[in-house]
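Participant: If you scroll down you'll find the structure; I have some questions about it.
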Amino acid sequence: MITRLRLQNFKNFADAELKLGAFTVILGTNASGKSNIRDAFRFLHGIGRGYSLSEIIGGKFGSGGQLEWERMRGAMYEIARIQSNRADFLINLNFTDNANHYDYRSEIYNIDGRFRFAYESLSENGKSIFELSSNNYWDFSTLSPLPNSDLKNFEVTHNLERIRFHEIDPNAAKLASPPGQKVLGDHGENLPTVLQAICADPARKETLMEWVRALTPMDVVDFKFRTDLNGFVQLYLVESDGAEISAVSASDGTLRFLALLAALLGPNPAKLYFFEEIESGIHPARLHLLIDMLERQTAKSGIQVVTTTHSPELLSLLSDETLKSTSIVYRPPGRSDAIIKPVLEFPNIEELRQQPGLGHLHATGWFERALSMMDGKQAAE
Ligand SMILES: Nc1ncnc2c1ncn2[C@@H]1O[C@H](COP(=O)(O)OP(=O)(O)OP(=O)(O)O)[C@@H](O)[C@H]1O
Ligand SMILES: [Mg+2]
C-alpha cells in the first residue's frame with residue numbers, strides 16, 4: 001500500500017506531501033493541482049513499467065507506430081515547477097508490501113533538454129537496499145548523469161507497475177470488445193469481456209451482481225454476452241422481467257457504475273486505481289452506494305483507490321477512516337505553489353463536521369478561506 005507521496009519542484013508543488021489510505025480523496029478548486037498529483041503517479045507508474053525517462057515524459061510509440069504511453073501533460077518543459085527556474089524535480093514515495101516499509105526517492109535533472117537521474121534510492125525498513133548518487137550515476141565518458149531507473153531490477157517495482165488510471169467515458173464502455181480482453185481500458189473499453197471474465201467465476205459474479213442490484217436503478221439480474229459479426233463481444237443487461245437490453249442503450253450512469261465495478265472486481269486487479277472525479281454522471285442520492293462499495297472493497301481486498309472530486313455530497317458521505325486520507329489541494333493567492341492539507345488537520349473540524357457538515361464547508365469554499373487565513377497568519381509570524 002502506498003502511504004505517502006512527496007513532491008518537490010514537481011508541476012505546481014514546491015514541496016508538498018499527500019497522505020494516502022485504502023481510499024484516498026483529493027479535493028480542490030479548478031487548477032489547484034489535483035491532476036498534477038495524478039501526473040506524479042503516472043510518472044512513478046512509467047518507472048514501474050521500465051520505461052526510460054524520455055519515454056515517460058515525452059511519450060512512447062510501439063513498433064507499429066501505435067501510441068503505447070501518452071506523454072506527461074506539458075511534457076519536458078512543464079514537468080518541473082516553472083516559477084522555480086530550476087530544471088530538477090524530486091519524487092519521494094513511501095509504501096508497504098508484505099509488512100515491509102519502503103522509501104523510494106528519485107531526483108531528476110534536465111541537462112541540455114534531456115532528463116537524467118541525479119539520485120535514486122530505495123530503502124527497506126529503514127535500511128538502504130540500493131542507492132545511486134550523482135557520484136556513481138555520473139557517466140564520466142559523457143560527463144552527464146545516467147538516463148534510466150534501476151528500480152525495475154527490484155521486485156517491489158510491481159507495486160508501481162500495477163497502478164491504473166481511469167476516466168470512465170460511457171461511449172467507450174458501451175462498445176463491443178475483442179474476445180479475451182480482461183483488463184478494463186482507461187476510459188472503460190473492454191467492459192463486456194471484463195464482465196464476462198468476472199461472471200465466469202461464481203464467487204466474483206455473486207459480488208458483482210450484489211453491487212449491480214444495489215447500484216443500478218434498473219432491475220438488472222444478469223448479463224448476457226453475444227458475439228457480433230466482427231467476432232467482438234457485446235454486453236446485454238437482463239432485467240428481472242427477462243427483457244434484454246444492449247449496453248449501447250444502457251444509461252450513462254449505469255455504464256459508469258458497471259465500469260467501476262469491472263475495474264475493481266475484474267481478474268488480475270491493480271494495486272492502486274486513480275480515478276478522476278469519480279462522482280461524474282452519478283445522481284447524488286446514489287452516491288452513498290458508490291462510496292460504500294469503494295470503502296468496503298478497498299478495506300477487504302487490499303486494493304487502493306485514489307480519486308479526485310468536486311462533490312460536496314461525496315465529502316459528506318466519507319467514513320471516519322477515509323477522512324484520514326482526504327486532503328485539500330490549494331494554491332494560495334499570490335503564490336505560485338500549491339499546498340496539500342489533510343481535512344482532519346483543519347481547526348475545529350470534528351465540530352464543523354457535525355454542523356454544518358463537510359459538504360457544506362466544501363460547497364461554500366470554507367476550506368480555501370481557512371487556508372488563506374492560516375497562510376496569512378504563517379506569513380505574519
Ligand atoms: N510546471 C508547472 N509549473 C507551475 N505550475 C504548473 C506547472 N504545470 C502545471 N501547473 C499549474 O497546474 C495547473 C493545473 O493543475 P491541475 O490540472 O492539476 O488542476 P486540477 O486541480 O486537476 O483542476 P480541475 O479540477 O480543473 O481538473 C495549471 O493551471 C498550472 O497553474
Ligand atoms: Mg484535473
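Residue names in the C-alpha cells use chain letters A, B, ... in the order shown, residue numbers from 1 in each chain, and ligand numbers from 1 in the order shown.
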Please list as JSON, numbers by chain every residue within 12 Å of A:Leu289, counting only C-alpha atoms and excluding residues in the same chain fewer than 6 positions away.
Facilitator: {"A": [210, 211, 212, 213, 214, 215, 216, 217, 257, 261, 279, 282, 283, 295, 296, 297, 314, 317, 318]}
Participant: What residues have any atom no more than 8 Å from ligand 2 when counting only C-alpha atoms and all ligand atoms, and can you list them as a ChimeraX atom specification?
Facilitator: /A:30-31,33-36,276,308
Participant: Just the residues within 6 Å of A:His101, please, counting only C-alpha atoms, with nothing from its chain fewer than 2 positions along; format it as a PDB file with all heavy atoms, in the first residue's frame.
Facilitator:
```pdb
ATOM      1  N   PHE A  95       5.856   3.238   0.789  1.00  0.00           N
ATOM      2  CA  PHE A  95       4.828   2.215   0.645  1.00  0.00           C
ATOM      3  C   PHE A  95       5.176   0.992   1.475  1.00  0.00           C
ATOM      4  O   PHE A  95       6.308   0.830   1.927  1.00  0.00           O
ATOM      5  CB  PHE A  95       4.595   1.850  -0.826  1.00  0.00           C
ATOM      6  CG  PHE A  95       5.800   1.349  -1.566  1.00  0.00           C
ATOM      7  CD1 PHE A  95       6.027  -0.011  -1.706  1.00  0.00           C
ATOM      8  CD2 PHE A  95       6.694   2.229  -2.144  1.00  0.00           C
ATOM      9  CE1 PHE A  95       7.130  -0.476  -2.402  1.00  0.00           C
ATOM     10  CE2 PHE A  95       7.791   1.779  -2.839  1.00  0.00           C
ATOM     11  CZ  PHE A  95       8.014   0.423  -2.966  1.00  0.00           C
ATOM     12  N   THR A  96       4.160   0.175   1.721  1.00  0.00           N
ATOM     13  CA  THR A  96       4.371  -1.063   2.465  1.00  0.00           C
ATOM     14  C   THR A  96       4.057  -2.228   1.538  1.00  0.00           C
ATOM     15  O   THR A  96       3.236  -2.115   0.625  1.00  0.00           O
ATOM     16  CB  THR A  96       3.457  -1.144   3.703  1.00  0.00           C
ATOM     17  OG1 THR A  96       2.101  -0.975   3.262  1.00  0.00           O
ATOM     18  CG2 THR A  96       3.778  -0.076   4.716  1.00  0.00           C
ATOM     19  N   GLU A 124      14.515  -0.442   2.574  1.00  0.00           N
ATOM     20  CA  GLU A 124      13.534  -1.400   3.087  1.00  0.00           C
ATOM     21  C   GLU A 124      13.655  -1.386   4.601  1.00  0.00           C
ATOM     22  O   GLU A 124      14.749  -1.636   5.129  1.00  0.00           O
ATOM     23  CB  GLU A 124      13.849  -2.796   2.539  1.00  0.00           C
ATOM     24  CG  GLU A 124      12.814  -3.853   2.881  1.00  0.00           C
ATOM     25  CD  GLU A 124      13.205  -5.197   2.289  1.00  0.00           C
ATOM     26  OE1 GLU A 124      14.269  -5.721   2.685  1.00  0.00           O
ATOM     27  OE2 GLU A 124      12.486  -5.711   1.434  1.00  0.00           O
ATOM     28  N   ASN A 125      12.563  -1.074   5.293  1.00  0.00           N
ATOM     29  CA  ASN A 125      12.559  -0.962   6.759  1.00  0.00           C
ATOM     30  C   ASN A 125      13.721  -0.104   7.262  1.00  0.00           C
ATOM     31  O   ASN A 125      14.422  -0.473   8.202  1.00  0.00           O
ATOM     32  CB  ASN A 125      12.602  -2.353   7.394  1.00  0.00           C
ATOM     33  CG  ASN A 125      11.404  -3.182   6.972  1.00  0.00           C
ATOM     34  OD1 ASN A 125      10.307  -2.660   6.846  1.00  0.00           O
ATOM     35  ND2 ASN A 125      11.619  -4.462   6.718  1.00  0.00           N
TER      36      ASN A 125
END
```
Participant: Just want the 10 Å neighbourhood of stretch 362-373 of chain A, counted on only C-alpha atoms, with same-chain residues fewer than 5 positions away dropped. Output as an NGL selection string.
Facilitator: :A and (27-29 or 310-313 or 315-316 or 328-333 or 339 or 341 or 343 or 346-347 or 357 or 378-379)
Participant: Write a file of the selected residues as a CSV table (one decimal), in the first residue's frame, keeping C-alpha atoms.
Facilitator:
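out_36.csv, freshly written:
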```csv
chain,number,residue,atom,x,y,z
A,27,LEU,CA,-10.4,17.9,-3.3
A,28,GLY,CA,-9.5,21.4,-4.5
A,29,THR,CA,-10.6,24.1,-6.8
A,310,HIS,CA,-15.6,18.3,-6.7
A,311,SER,CA,-18.6,16.8,-5.0
A,312,PRO,CA,-19.8,18.2,-1.6
A,313,GLU,CA,-22.1,15.2,-1.3
A,315,LEU,CA,-17.3,14.5,1.0
A,316,SER,CA,-20.2,14.3,3.5
A,328,ILE,CA,-7.5,19.6,0.0
A,329,VAL,CA,-5.1,20.9,-2.6
A,330,TYR,CA,-4.9,24.6,-2.5
A,331,ARG,CA,-3.0,27.4,-4.3
A,332,PRO,CA,-2.8,30.5,-2.0
A,333,PRO,CA,-3.5,33.8,-3.8
A,339,ILE,CA,-0.1,23.0,-0.7
A,341,LYS,CA,-3.7,19.8,3.7
A,343,VAL,CA,-9.1,17.7,6.0
A,346,PHE,CA,-8.3,21.9,10.0
A,347,PRO,CA,-9.2,23.6,13.3
A,357,GLY,CA,-21.2,19.4,7.7
A,378,GLN,CA,2.0,32.0,9.0
A,379,ALA,CA,3.3,34.9,6.8
```
Participant: Give me the residues within 10 Å of A:Val238 as a VMD selection string, counting only C-alpha atoms and dropping any in the same chain fewer than 2 places off.
Facilitator: chain A and resid 218 to 224 235 to 236 240 to 246
Participant: Can you write out the residues you just picked, keeping C-alpha atoms, as a short mmCIF file (atom, residue, chain, number, x, y, z; two decimals), in the first residue's frame?
Facilitator:
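Written out: out38.cif:
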```
data_model
loop_
_atom_site.label_atom_id
_atom_site.label_comp_id
_atom_site.auth_asym_id
_atom_site.auth_seq_id
_atom_site.Cartn_x
_atom_site.Cartn_y
_atom_site.Cartn_z
CA MET A 218 -32.82 -0.70 -13.25
CA ASP A 219 -33.57 -4.18 -12.04
CA VAL A 220 -30.56 -5.88 -13.65
CA VAL A 221 -30.42 -9.54 -12.63
CA ASP A 222 -27.93 -10.95 -15.09
CA PHE A 223 -25.65 -10.29 -18.06
CA LYS A 224 -25.57 -11.89 -21.49
CA LEU A 235 -22.85 -6.78 -23.49
CA TYR A 236 -26.59 -7.19 -22.73
CA SER A 240 -36.00 -9.11 -13.82
CA ASP A 241 -38.87 -9.47 -16.33
CA GLY A 242 -36.47 -11.20 -18.73
CA ALA A 243 -36.06 -8.19 -21.05
CA GLU A 244 -32.57 -7.90 -22.53
CA ILE A 245 -31.15 -4.52 -23.35
CA SER A 246 -27.81 -3.98 -25.06
#
```
Participant: Between atom 4 (C, counted along the ligand's line) of ligand 1 and atom CA of A:Phe41, measure the distance and give it in Å to one decimal.
Facilitator: 17.1 Å
Participant: What is the distance between atom CA of A:Leu258 and atom CA of A:Asn230, in Å to one decimal?
Facilitator: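 About the pair atom CA of A:Leu258 and atom CA of A:Asn230: they are 23.6 Å apart.
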Participant: Using DSSP on the backbone coordinates, identify the residues of stretch 104-136 of chain A assigned to strand (DSSP E); present them as a CSV table (one decimal) with all heavy atoms, in the first residue's frame.
Facilitator:
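Written file, selection_37.csv:
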```
chain,number,residue,atom,x,y,z
A,104,TYR,N,11.1,5.2,-1.5
A,104,TYR,CA,11.8,5.3,-2.8
A,104,TYR,C,11.9,6.8,-3.1
A,104,TYR,O,11.0,7.6,-2.9
A,104,TYR,CB,10.9,4.7,-3.9
A,104,TYR,CG,11.4,5.1,-5.3
A,104,TYR,CD1,12.6,4.5,-5.7
A,104,TYR,CD2,10.7,5.9,-6.1
A,104,TYR,CE1,13.0,4.9,-7.0
A,104,TYR,CE2,11.1,6.3,-7.3
A,104,TYR,CZ,12.3,5.7,-7.8
A,104,TYR,OH,12.8,6.1,-9.0
A,105,ARG,N,13.1,7.2,-3.4
A,105,ARG,CA,13.4,8.6,-3.8
A,105,ARG,C,14.0,8.7,-5.1
A,105,ARG,O,14.9,7.9,-5.4
A,105,ARG,CB,14.4,9.3,-2.8
A,105,ARG,CG,13.8,9.6,-1.4
A,105,ARG,CD,14.9,9.7,-0.4
A,105,ARG,NE,14.4,9.5,0.9
A,105,ARG,CZ,13.9,10.5,1.7
A,105,ARG,NH1,14.0,11.7,1.3
A,105,ARG,NH2,13.4,10.2,2.8
A,106,SER,N,13.6,9.7,-5.9
A,106,SER,CA,14.4,10.0,-7.1
A,106,SER,C,14.5,11.5,-7.3
A,106,SER,O,13.6,12.2,-7.0
A,106,SER,CB,13.7,9.3,-8.3
A,106,SER,OG,12.4,9.8,-8.5
A,107,GLU,N,15.6,11.8,-7.9
A,107,GLU,CA,15.8,13.2,-8.2
A,107,GLU,C,16.2,13.3,-9.6
A,107,GLU,O,17.1,12.6,-10.1
A,107,GLU,CB,17.0,13.7,-7.3
A,107,GLU,CG,17.2,15.2,-7.4
A,107,GLU,CD,18.3,15.6,-6.4
A,107,GLU,OE1,18.5,15.0,-5.3
A,107,GLU,OE2,18.9,16.7,-6.6
A,108,ILE,N,15.5,14.1,-10.3
A,108,ILE,CA,15.7,14.1,-11.8
A,108,ILE,C,16.1,15.5,-12.3
A,108,ILE,O,15.6,16.5,-11.8
A,108,ILE,CB,14.4,13.7,-12.5
A,108,ILE,CG1,14.2,12.2,-12.3
A,108,ILE,CG2,14.4,14.0,-14.0
A,108,ILE,CD1,13.2,11.8,-11.4
A,109,TYR,N,17.2,15.5,-13.1
A,109,TYR,CA,17.7,16.7,-13.7
A,109,TYR,C,17.4,16.8,-15.1
A,109,TYR,O,17.3,15.8,-15.8
A,109,TYR,CB,19.2,16.8,-13.5
A,109,TYR,CG,19.7,17.2,-12.2
A,109,TYR,CD1,21.1,17.2,-11.9
A,109,TYR,CD2,18.9,17.6,-11.2
A,109,TYR,CE1,21.6,17.5,-10.7
A,109,TYR,CE2,19.4,17.9,-9.9
A,109,TYR,CZ,20.7,17.9,-9.7
A,109,TYR,OH,21.2,18.3,-8.5
A,110,ASN,N,17.3,18.0,-15.6
A,110,ASN,CA,17.2,18.2,-17.1
A,110,ASN,C,18.5,18.8,-17.5
A,110,ASN,O,18.8,20.0,-17.1
A,110,ASN,CB,16.0,19.1,-17.4
A,110,ASN,CG,15.8,19.4,-18.8
A,110,ASN,OD1,16.7,19.1,-19.6
A,110,ASN,ND2,14.6,19.9,-19.2
A,111,ILE,N,19.2,18.1,-18.3
A,111,ILE,CA,20.5,18.6,-18.7
A,111,ILE,C,20.5,18.7,-20.2
A,111,ILE,O,20.3,17.7,-20.9
A,111,ILE,CB,21.7,17.7,-18.2
A,111,ILE,CG1,21.7,17.8,-16.7
A,111,ILE,CG2,23.0,18.1,-18.8
A,111,ILE,CD1,22.8,17.0,-16.1
A,114,ARG,N,17.6,17.0,-21.8
A,114,ARG,CA,17.4,15.6,-21.6
A,114,ARG,C,17.3,15.3,-20.1
A,114,ARG,O,18.1,15.8,-19.3
A,114,ARG,CB,18.5,14.8,-22.2
A,114,ARG,CG,18.5,14.9,-23.7
A,114,ARG,CD,19.4,13.9,-24.3
A,114,ARG,NE,18.9,12.5,-24.1
A,114,ARG,CZ,19.6,11.4,-24.4
A,114,ARG,NH1,20.8,11.5,-24.9
A,114,ARG,NH2,19.0,10.2,-24.2
A,115,PHE,N,16.3,14.6,-19.7
A,115,PHE,CA,16.1,14.3,-18.3
A,115,PHE,C,17.0,13.1,-17.9
A,115,PHE,O,17.1,12.1,-18.6
A,115,PHE,CB,14.6,14.0,-18.0
A,115,PHE,CG,13.8,15.2,-17.9
A,115,PHE,CD1,13.1,15.7,-18.9
A,115,PHE,CD2,13.8,15.9,-16.7
A,115,PHE,CE1,12.4,16.9,-18.8
A,115,PHE,CE2,13.1,17.1,-16.5
A,115,PHE,CZ,12.4,17.6,-17.6
A,116,ARG,N,17.7,13.3,-16.8
A,116,ARG,CA,18.6,12.2,-16.3
A,116,ARG,C,18.3,12.1,-14.8
A,116,ARG,O,18.0,13.0,-14.1
A,116,ARG,CB,20.0,12.7,-16.4
A,116,ARG,CG,20.4,13.1,-17.9
A,116,ARG,CD,20.3,11.9,-18.8
A,116,ARG,NE,20.6,12.2,-20.1
A,116,ARG,CZ,21.7,12.0,-20.7
A,116,ARG,NH1,22.7,11.5,-20.1
A,116,ARG,NH2,21.9,12.3,-22.0
A,117,PHE,N,18.6,10.9,-14.2
A,117,PHE,CA,18.6,10.7,-12.8
A,117,PHE,C,19.8,11.3,-12.2
A,117,PHE,O,20.9,11.0,-12.7
A,117,PHE,CB,18.5,9.2,-12.4
A,117,PHE,CG,17.1,8.7,-12.5
A,117,PHE,CD1,16.6,8.1,-13.6
A,117,PHE,CD2,16.3,8.7,-11.4
A,117,PHE,CE1,15.4,7.6,-13.7
A,117,PHE,CE2,15.0,8.2,-11.5
A,117,PHE,CZ,14.5,7.7,-12.6
A,118,ALA,N,19.7,12.1,-11.2
A,118,ALA,CA,20.8,12.5,-10.4
A,118,ALA,C,21.0,11.7,-9.2
A,118,ALA,O,22.1,11.6,-8.6
A,118,ALA,CB,20.7,14.0,-10.1
A,119,TYR,N,19.9,11.1,-8.7
A,119,TYR,CA,19.9,10.4,-7.5
A,119,TYR,C,18.7,9.5,-7.5
A,119,TYR,O,17.6,9.8,-7.9
A,119,TYR,CB,19.8,11.4,-6.3
A,119,TYR,CG,19.8,10.7,-4.9
A,119,TYR,CD1,20.9,10.2,-4.3
A,119,TYR,CD2,18.5,10.5,-4.3
A,119,TYR,CE1,20.9,9.6,-3.1
A,119,TYR,CE2,18.5,9.9,-3.1
A,119,TYR,CZ,19.7,9.4,-2.5
A,119,TYR,OH,19.6,8.8,-1.3
A,120,GLU,N,18.9,8.2,-7.0
A,120,GLU,CA,17.8,7.3,-6.9
A,120,GLU,C,18.1,6.4,-5.7
A,120,GLU,O,19.2,5.9,-5.6
A,120,GLU,CB,17.6,6.5,-8.2
A,120,GLU,CG,16.2,5.8,-8.2
A,120,GLU,CD,16.0,5.0,-9.5
A,120,GLU,OE1,17.0,4.7,-10.1
A,120,GLU,OE2,14.9,4.8,-9.8
A,121,SER,N,17.1,6.2,-4.8
A,121,SER,CA,17.4,5.2,-3.7
A,121,SER,C,16.1,4.5,-3.3
A,121,SER,O,15.0,5.0,-3.5
A,121,SER,CB,18.0,6.0,-2.5
A,121,SER,OG,16.9,6.8,-1.9
A,122,LEU,N,16.4,3.3,-2.8
A,122,LEU,CA,15.3,2.5,-2.2
A,122,LEU,C,15.7,1.9,-0.9
A,122,LEU,O,16.8,1.3,-0.8
A,122,LEU,CB,14.9,1.4,-3.2
A,122,LEU,CG,13.8,0.5,-2.8
A,122,LEU,CD1,12.4,1.2,-2.8
A,122,LEU,CD2,13.7,-0.7,-3.7
A,123,SER,N,14.9,2.2,0.1
A,123,SER,CA,15.3,1.5,1.4
A,123,SER,C,14.1,0.6,1.9
A,123,SER,O,13.0,0.9,1.5
A,123,SER,CB,15.6,2.6,2.5
A,123,SER,OG,14.4,3.2,2.9
A,124,GLU,N,14.5,-0.4,2.6
A,124,GLU,CA,13.5,-1.4,3.1
A,124,GLU,C,13.7,-1.4,4.6
A,124,GLU,O,14.7,-1.6,5.1
A,124,GLU,CB,13.8,-2.8,2.5
A,124,GLU,CG,12.8,-3.9,2.9
A,124,GLU,CD,13.2,-5.2,2.3
A,124,GLU,OE1,14.3,-5.7,2.7
A,124,GLU,OE2,12.5,-5.7,1.4
A,127,LYS,N,16.6,0.5,5.9
A,127,LYS,CA,17.9,0.0,5.5
A,127,LYS,C,18.0,0.2,4.0
A,127,LYS,O,17.2,-0.3,3.3
A,127,LYS,CB,18.1,-1.4,5.9
A,127,LYS,CG,19.5,-1.8,6.1
A,127,LYS,CD,19.6,-3.2,6.7
A,127,LYS,CE,20.5,-4.1,5.8
A,127,LYS,NZ,19.9,-5.2,5.2
A,128,SER,N,19.0,0.8,3.6
A,128,SER,CA,19.2,1.1,2.1
A,128,SER,C,19.4,-0.2,1.4
A,128,SER,O,20.2,-1.1,1.7
A,128,SER,CB,20.4,2.0,1.9
A,128,SER,OG,20.7,2.1,0.5
A,129,ILE,N,18.6,-0.5,0.3
A,129,ILE,CA,18.8,-1.7,-0.5
A,129,ILE,C,19.4,-1.3,-1.9
A,129,ILE,O,19.9,-2.1,-2.6
A,129,ILE,CB,17.6,-2.6,-0.6
A,129,ILE,CG1,16.3,-1.9,-1.1
A,129,ILE,CG2,17.4,-3.3,0.7
A,129,ILE,CD1,15.2,-2.8,-1.3
A,130,PHE,N,19.3,0.0,-2.2
A,130,PHE,CA,20.1,0.5,-3.3
A,130,PHE,C,20.1,2.0,-3.3
A,130,PHE,O,19.2,2.6,-2.9
A,130,PHE,CB,19.8,-0.1,-4.6
A,130,PHE,CG,18.9,0.7,-5.6
A,130,PHE,CD1,19.5,1.5,-6.5
A,130,PHE,CD2,17.6,0.7,-5.5
A,130,PHE,CE1,18.8,2.2,-7.4
A,130,PHE,CE2,16.8,1.5,-6.3
A,130,PHE,CZ,17.4,2.2,-7.3
A,131,GLU,N,21.3,2.5,-3.6
A,131,GLU,CA,21.4,4.0,-3.6
A,131,GLU,C,22.4,4.4,-4.6
A,131,GLU,O,23.5,3.8,-4.7
A,131,GLU,CB,21.9,4.4,-2.2
A,131,GLU,CG,22.1,5.9,-2.1
A,131,GLU,CD,22.3,6.5,-0.7
A,131,GLU,OE1,22.8,5.7,0.1
A,131,GLU,OE2,22.0,7.6,-0.5
A,132,LEU,N,22.0,5.2,-5.5
A,132,LEU,CA,22.9,5.7,-6.5
A,132,LEU,C,22.9,7.2,-6.5
A,132,LEU,O,21.8,7.8,-6.8
A,132,LEU,CB,22.5,5.2,-7.9
A,132,LEU,CG,22.7,3.7,-8.1
A,132,LEU,CD1,22.0,3.2,-9.3
A,132,LEU,CD2,24.2,3.4,-8.2
```
Participant: Report, in Å with one decimal, the straight-line distance from atom CA of A:Phe165 to atom CA of A:Asp337.
Facilitator: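 Taking atom CA of A:Phe165 and atom CA of A:Asp337, their separation equals 24.7 Å.
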Participant: Write out as a PyMOL selection string which residues come within 9 Å of A:Arg49 when counting only C-alpha atoms, dropping same-chain ones fewer than 4 positions away.
Facilitator: chain A and resi 44-45+152+157-158+160-162
Participant: Atoms to include: N, CA and C atoms. Write the selected residues as a CSV table (one decimal), in the first residue's frame.
Facilitator:
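So the final result, stored in again30.csv, reads:
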```csv
chain,number,residue,atom,x,y,z
A,44,LEU,N,5.6,7.7,-11.7
A,44,LEU,CA,6.0,6.5,-11.0
A,44,LEU,C,5.6,5.2,-11.7
A,45,HIS,N,4.4,5.2,-12.3
A,45,HIS,CA,4.0,4.0,-13.0
A,45,HIS,C,4.8,3.8,-14.2
A,152,LYS,N,13.6,-1.0,-11.7
A,152,LYS,CA,13.0,-2.2,-12.3
A,152,LYS,C,13.6,-3.5,-12.0
A,157,THR,N,9.0,-3.1,-7.6
A,157,THR,CA,8.6,-2.3,-8.7
A,157,THR,C,7.2,-2.6,-9.2
A,158,HIS,N,6.8,-3.9,-8.9
A,158,HIS,CA,5.5,-4.3,-9.4
A,158,HIS,C,4.4,-3.5,-8.8
A,160,LEU,N,4.4,-0.4,-8.4
A,160,LEU,CA,4.3,0.8,-9.3
A,160,LEU,C,3.7,0.4,-10.7
A,161,GLU,N,4.1,-0.8,-11.1
A,161,GLU,CA,3.6,-1.2,-12.4
A,161,GLU,C,2.1,-1.4,-12.3
A,162,ARG,N,1.6,-1.9,-11.2
A,162,ARG,CA,0.2,-2.2,-11.1
A,162,ARG,C,-0.6,-1.0,-10.6
```
Participant: Write out as a VMD selection string which residues come within 10 Å of A:Asn153 when counting only C-alpha atoms, dropping same-chain ones fewer than 4 positions away.
Facilitator: chain A and resid 48 50 149 157
Participant: Would you save the residues from that selection as a compact mmCIF listing (two decimals), in the first residue's frame, using N, CA, C and O atoms?
Facilitator:
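Saved file again.txt follows:
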```
# COMPACT_ATOMS: atom_id res chain seq x y z
N GLY A 48 7.75 2.06 -13.05
CA GLY A 48 7.38 0.67 -12.78
C GLY A 48 7.30 -0.16 -14.05
O GLY A 48 7.56 -1.36 -14.03
N GLY A 50 9.21 0.21 -16.48
CA GLY A 50 10.56 0.06 -17.02
C GLY A 50 10.86 1.00 -18.18
O GLY A 50 11.79 0.78 -18.94
N SER A 149 16.12 4.45 -14.73
CA SER A 149 15.97 3.98 -13.36
C SER A 149 16.46 2.55 -13.22
O SER A 149 16.32 1.74 -14.12
N THR A 157 9.01 -3.07 -7.58
CA THR A 157 8.59 -2.25 -8.72
C THR A 157 7.20 -2.63 -9.18
O THR A 157 6.48 -1.82 -9.75
```
Participant: Would you mind telling me which residue in A:Glu155, A:Glu277, A:Glu70, A:Asp375 lies nearest to ligand 1 when using only C-alpha atoms and all ligand atoms?
Facilitator: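 Of the candidates, the smallest distance to ligand 1 is held by A:Glu277.
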Participant: Using only C-alpha atoms and all ligand atoms, pick whichever of A:Ser84, A:Asn190, A:Thr3, A:Thr298 has the shortest atom-to-atom distance to ligand 1.
Facilitator: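 The closest residue to ligand 1 is A:Ser84.
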Participant: From the set A:Ala75, A:Leu352, A:Val306, A:Leu264, which residue has the shortest atom-to-atom contact distance to ligand 1, counting only C-alpha atoms and all ligand atoms?
Facilitator: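 Going through A:Ala75, A:Leu352, A:Val306, A:Leu264 one by one, the smallest distance to ligand 1 is for A:Ala75.
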Participant: Ranking A:Arg256, A:Arg6, A:Arg86, A:Lys324 by minimum distance to ligand 1 and counting only C-alpha atoms and all ligand atoms, which one comes first?
Facilitator: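 Closest residue, counting only C-alpha atoms and all ligand atoms: A:Arg86.
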Participant: According to DSSP computed on the backbone, where in stretch 123-326 of chain A is there alpha helix (DSSP H)? Give the residues as number ranges by chain.
Facilitator: A: 134-137, 157-161, 170-173, 191-199, 202-215, 252-265, 287-301, 312-317, 320-323
Participant: Ranking A:Phe225, A:Trp69, A:Phe23, A:Tyr77 by minimum distance to ligand 1 and counting only C-alpha atoms and all ligand atoms, which one comes first?
Facilitator: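 Between A:Phe225, A:Trp69, A:Phe23, A:Tyr77, the residue approaching ligand 1 most closely is A:Tyr77.
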